[in-house]
Amino acid sequence: MPTVQLTVNGRPVSMTVEDRTLLVELLRDHLGLTGTHVGCDTSQCGACVVHLDGQAVKSCTVLAAQASGSSVTTIEGLATGDELHPVQAAFRDNHGLQCGFCTPGMIMSALDIIRRHGGRLDEATVRHELEGNICRCTGYHNIVKSVLDAAGRMKLSAAAE
Amino acid sequence: MYETTYHRPNSIDEAVALFAKASEPRYLAGGHTLIPTMKQRLAAPTDVIDIARIPGLSGIEVSGEAVTIKAATTHYDVARSDAVRKAIPALCMLAGDIGDPQVRYRGTIGGSIANNDPSADYPAAVLALGATITTNKRGIAADDYFKGLFTTALEDGEIITAVVFPVPAKAGYAKFPNPASRFALTGVFVAKLKSGAVRVAATGASQSGVMRLPDIERALAASWSEATLDKMRISADGLIADVHGPAAYRANLIGVMARRAIAAAG
């Protein structure tokens with residue numbers, strides 16, 4: 001069995017797991033980070049999205065051993081203490097969720113989209129790039145609104161720094 | 001998923017040696033076909049040999065005559081490459097429309113070509129541009145490489161190291177994606193090479209996987225325009241008929257996608 005070495009939300013993790021263990025299983029079952037969800041388990045829905053070395057990936061489709069040596073950020077790694085990350089805050093303020101099941105994946109994908117496009121983000125791009133995340137409640141309207149609002153907030157906070 | 005043993009070799013030689021020793025091994029790159037297949041227990045390799053991080057197996061080189069994309073290069077890296085966009089913009093566009101952003105971060109050109117899914121996008125570009133598939137043993141011309149559904153000229157244990165695309169005079173790609181899976185219900189890649197030769201390939205349409213379209217090639221060689229194809233009837237013989245659409249629908253899509261691809265190529 002391989003020993004998987006990761007940095008998870010800034011914390012070093014070393015763990016021996018079965019070779020067939022998926023990254024999402026390591027996060028949820030072994031580390032107790034249950035904010036990352038398993039929706040479809042077939043790489044379609046995006047509820048399991050985490051950042052692997054800064055890129056949004058579907059953790060149900062990555063072996064834990066494949067990720068060894070990498071840095072992982074989950075939804076639990078975004079907030080600073082009690083202060084929500086700007087993307088989390090934007091989802092709350094814009095009612096960007098209903099049942100909340102898809103939300104962790106939506107937020108991790110949203111942050112990836114905002115980082116890639118910076119200030120050039122428009123509604124069509126957000127809708128196109130959220131292709132890999134499925135929501136069965138909201139009809140996406142408020143999710144798109146949340147992502148655009150978050151992009152604006154992050155631009156402002158970057159300008160202030 | 002059944003039990004398996006994971007390996008991460010540091011070189012192609014080491015990967016080949018591991019492959020030779022194992023009873024039912026599979027190479028793993030991005031894993032976005034193999035891992036879902038293993039989860040469904042449709043594949044049960046005894047050994048999974050991860051070649052994605054082998055030094056020198058990813059990267060892009062562009063010269064005036066050719067674009068060389070190394071095998072473990074992700075769709076994301078091809079889509080965002082300014083050098084590729086300048087040489088073969090259709091290739092960037094194709095890579096940027098595979099699956100979704102998360103898939104594009106992981107999926108690789110070598111994995112796509114090795115798997116040869118009949119609805120994958122890259123095989124259409126490889127065949128239409130007349131690319132050469134470079135392996136650890138040899139170079140294989142695209143016309144000799146694709147052998148039907150999920151079947152290629154690769155031998156047991158052979159590893160794709162790069163795909164070399166000649167820079168064409170013009171090229172374009174258009175696909176009608178399945179709205180759920182984003183695989184091509186039908187996709188057509190058109191290319192006019194610098195030699196003047198016209199090559200056209202379709203993915204997602206044929207029961208035998210990616211295929212060239214000789215009638216369309218002849219018509220476009222005579223006159224490179226969308227209007228040339230307006231009156232052409234595409235035969236539905238041998239095309240896929242499934243829950244997503246009958247063969248006649250795909251035959252029609254070939255014509256529509258070919259016209260859109262020409263419009264995109266300019």
# chains A, B, ... in the order shown; residues from 1 in each chain; ligands from 1
>>> residues_around(residues="range 193-198 of chain B", least_positions_apart="3", cutoff="8 Å", atoms="only C-alpha atoms", output="PyMOL selection string")
chain B and resi 129+166-170+190+217-218+220-221
>>> closest_atom_pairs(of="chain A", to="chain B", cutoff="6 Å", atoms="only C-alpha atoms", output="JSON lines")
{"residue": "A:Asp19", "atom": "CA", "partner": "B:Tyr6", "partner_atom": "CA", "distance": 5.6}
{"residue": "A:Ala56", "atom": "CA", "partner": "B:Gln102", "partner_atom": "CA", "distance": 5.6}
{"residue": "A:Val57", "atom": "CA", "partner": "B:Gln102", "partner_atom": "CA", "distance": 4.7}
{"residue": "A:Glu131", "atom": "CA", "partner": "B:Asp100", "partner_atom": "CA", "distance": 5.8}
{"residue": "A:Gly132", "atom": "CA", "partner": "B:Asp100", "partner_atom": "CA", "distance": 5.1}
>>> write_last_selection(atoms="C-alpha atoms", output="PDB file, in the first residue's frame")
ATOM      1  CA  ASP A  19      -3.789   1.836  -3.903  1.00  0.00           C
ATOM      2  CA  ALA A  56      -9.849  22.659  -9.810  1.00  0.00           C
ATOM      3  CA  VAL A  57     -10.170  18.892 -10.234  1.00  0.00           C
ATOM      4  CA  GLU A 131     -20.271  23.275 -17.316  1.00  0.00           C
ATOM      5  CA  GLY A 132     -18.628  20.716 -15.034  1.00  0.00           C
TER       6      GLY A 132
END
>>> residues_around(residues="Gln5 in chain A", least_positions_apart="3", cutoff="8 Å", atoms="only C-alpha atoms", output="list in words")
Pro12, Val13, Ser14, Met15, Ser68, Gly69 and Ser70 of chain A
>>> residues_around(residues="Arg153 in chain A", least_positions_apart="3", cutoff="10 Å", atoms="only C-alpha atoms", output="list in words")
Pro86, Val87, Ala89, Ala90, Val147, Leu148, Asp149, Ala150, Leu156, Ser157, Ala158 and Ala159 of chain A
>>> residues_around(residues="Cys45 in chain A", least_positions_apart="6", cutoff="8 Å", atoms="only C-alpha atoms", output="count of residues only")
5
>>> residues_around(residues="Glu25 in chain A", least_positions_apart="2", cutoff="10 Å", atoms="only C-alpha atoms", output="PyMOL selection string")
chain A and resi 20-23+27-34+36-38+59-60+63-64
>>> decode(residues="range 59-70 of chain B", atoms="all heavy atoms", output="compact mmCIF listing (two decimals), in the first residue's frame")
# COMPACT_ATOMS: atom_id res chain seq x y z
N GLY B 59 4.90 19.01 -22.47
CA GLY B 59 5.44 20.25 -23.04
C GLY B 59 5.07 20.38 -24.50
O GLY B 59 4.61 19.42 -25.13
N ILE B 60 5.26 21.57 -25.04
CA ILE B 60 4.85 21.88 -26.41
C ILE B 60 6.02 22.54 -27.12
O ILE B 60 6.68 23.43 -26.55
CB ILE B 60 3.65 22.85 -26.40
CG1 ILE B 60 2.42 22.18 -25.76
CG2 ILE B 60 3.32 23.33 -27.82
CD1 ILE B 60 1.28 23.12 -25.44
N GLU B 61 6.32 22.09 -28.33
CA GLU B 61 7.36 22.74 -29.14
C GLU B 61 6.74 23.13 -30.47
O GLU B 61 6.08 22.32 -31.11
CB GLU B 61 8.53 21.77 -29.37
CG GLU B 61 9.36 21.53 -28.12
CD GLU B 61 10.22 20.28 -28.20
OE1 GLU B 61 10.37 19.72 -29.32
OE2 GLU B 61 10.71 19.84 -27.14
N VAL B 62 6.96 24.37 -30.88
CA VAL B 62 6.39 24.84 -32.14
C VAL B 62 7.50 25.37 -33.03
O VAL B 62 8.30 26.21 -32.60
CB VAL B 62 5.35 25.96 -31.87
CG1 VAL B 62 4.79 26.49 -33.19
CG2 VAL B 62 4.22 25.44 -31.00
N SER B 63 7.56 24.85 -34.25
CA SER B 63 8.46 25.41 -35.26
C SER B 63 7.59 25.91 -36.41
O SER B 63 6.36 25.78 -36.35
CB SER B 63 9.44 24.34 -35.75
OG SER B 63 8.74 23.42 -36.56
N GLY B 64 8.20 26.45 -37.44
CA GLY B 64 7.41 26.93 -38.57
C GLY B 64 6.63 25.82 -39.25
O GLY B 64 5.55 26.03 -39.79
N GLU B 65 7.16 24.61 -39.19
CA GLU B 65 6.56 23.50 -39.93
C GLU B 65 5.72 22.55 -39.08
O GLU B 65 4.90 21.82 -39.63
CB GLU B 65 7.68 22.68 -40.62
CG GLU B 65 8.47 23.47 -41.67
CD GLU B 65 7.55 24.11 -42.71
OE1 GLU B 65 6.67 23.42 -43.24
OE2 GLU B 65 7.71 25.33 -42.96
N ALA B 66 5.97 22.52 -37.78
CA ALA B 66 5.30 21.50 -36.97
C ALA B 66 5.01 21.97 -35.56
O ALA B 66 5.76 22.78 -34.99
CB ALA B 66 6.14 20.22 -36.93
N VAL B 67 3.92 21.43 -35.01
CA VAL B 67 3.60 21.61 -33.59
C VAL B 67 3.76 20.23 -32.95
O VAL B 67 3.08 19.29 -33.33
CB VAL B 67 2.16 22.12 -33.40
CG1 VAL B 67 1.75 22.09 -31.93
CG2 VAL B 67 2.03 23.54 -33.95
N THR B 68 4.68 20.14 -31.99
CA THR B 68 4.90 18.88 -31.29
C THR B 68 4.32 19.00 -29.89
O THR B 68 4.74 19.86 -29.12
CB THR B 68 6.40 18.56 -31.21
OG1 THR B 68 6.91 18.50 -32.55
CG2 THR B 68 6.65 17.23 -30.51
N ILE B 69 3.34 18.16 -29.61
CA ILE B 69 2.74 18.16 -28.27
C ILE B 69 3.12 16.85 -27.60
O ILE B 69 2.76 15.77 -28.08
CB ILE B 69 1.21 18.32 -28.34
CG1 ILE B 69 0.87 19.62 -29.08
CG2 ILE B 69 0.62 18.33 -26.94
CD1 ILE B 69 -0.62 19.84 -29.28
N LYS B 70 3.86 16.96 -26.50
CA LYS B 70 4.29 15.74 -25.82
C LYS B 70 3.09 15.08 -25.13
O LYS B 70 2.11 15.75 -24.80
CB LYS B 70 5.41 16.07 -24.85
CG LYS B 70 6.64 16.57 -25.61
CD LYS B 70 7.84 16.65 -24.73
CE LYS B 70 9.03 17.15 -25.55
NZ LYS B 70 10.18 17.42 -24.68
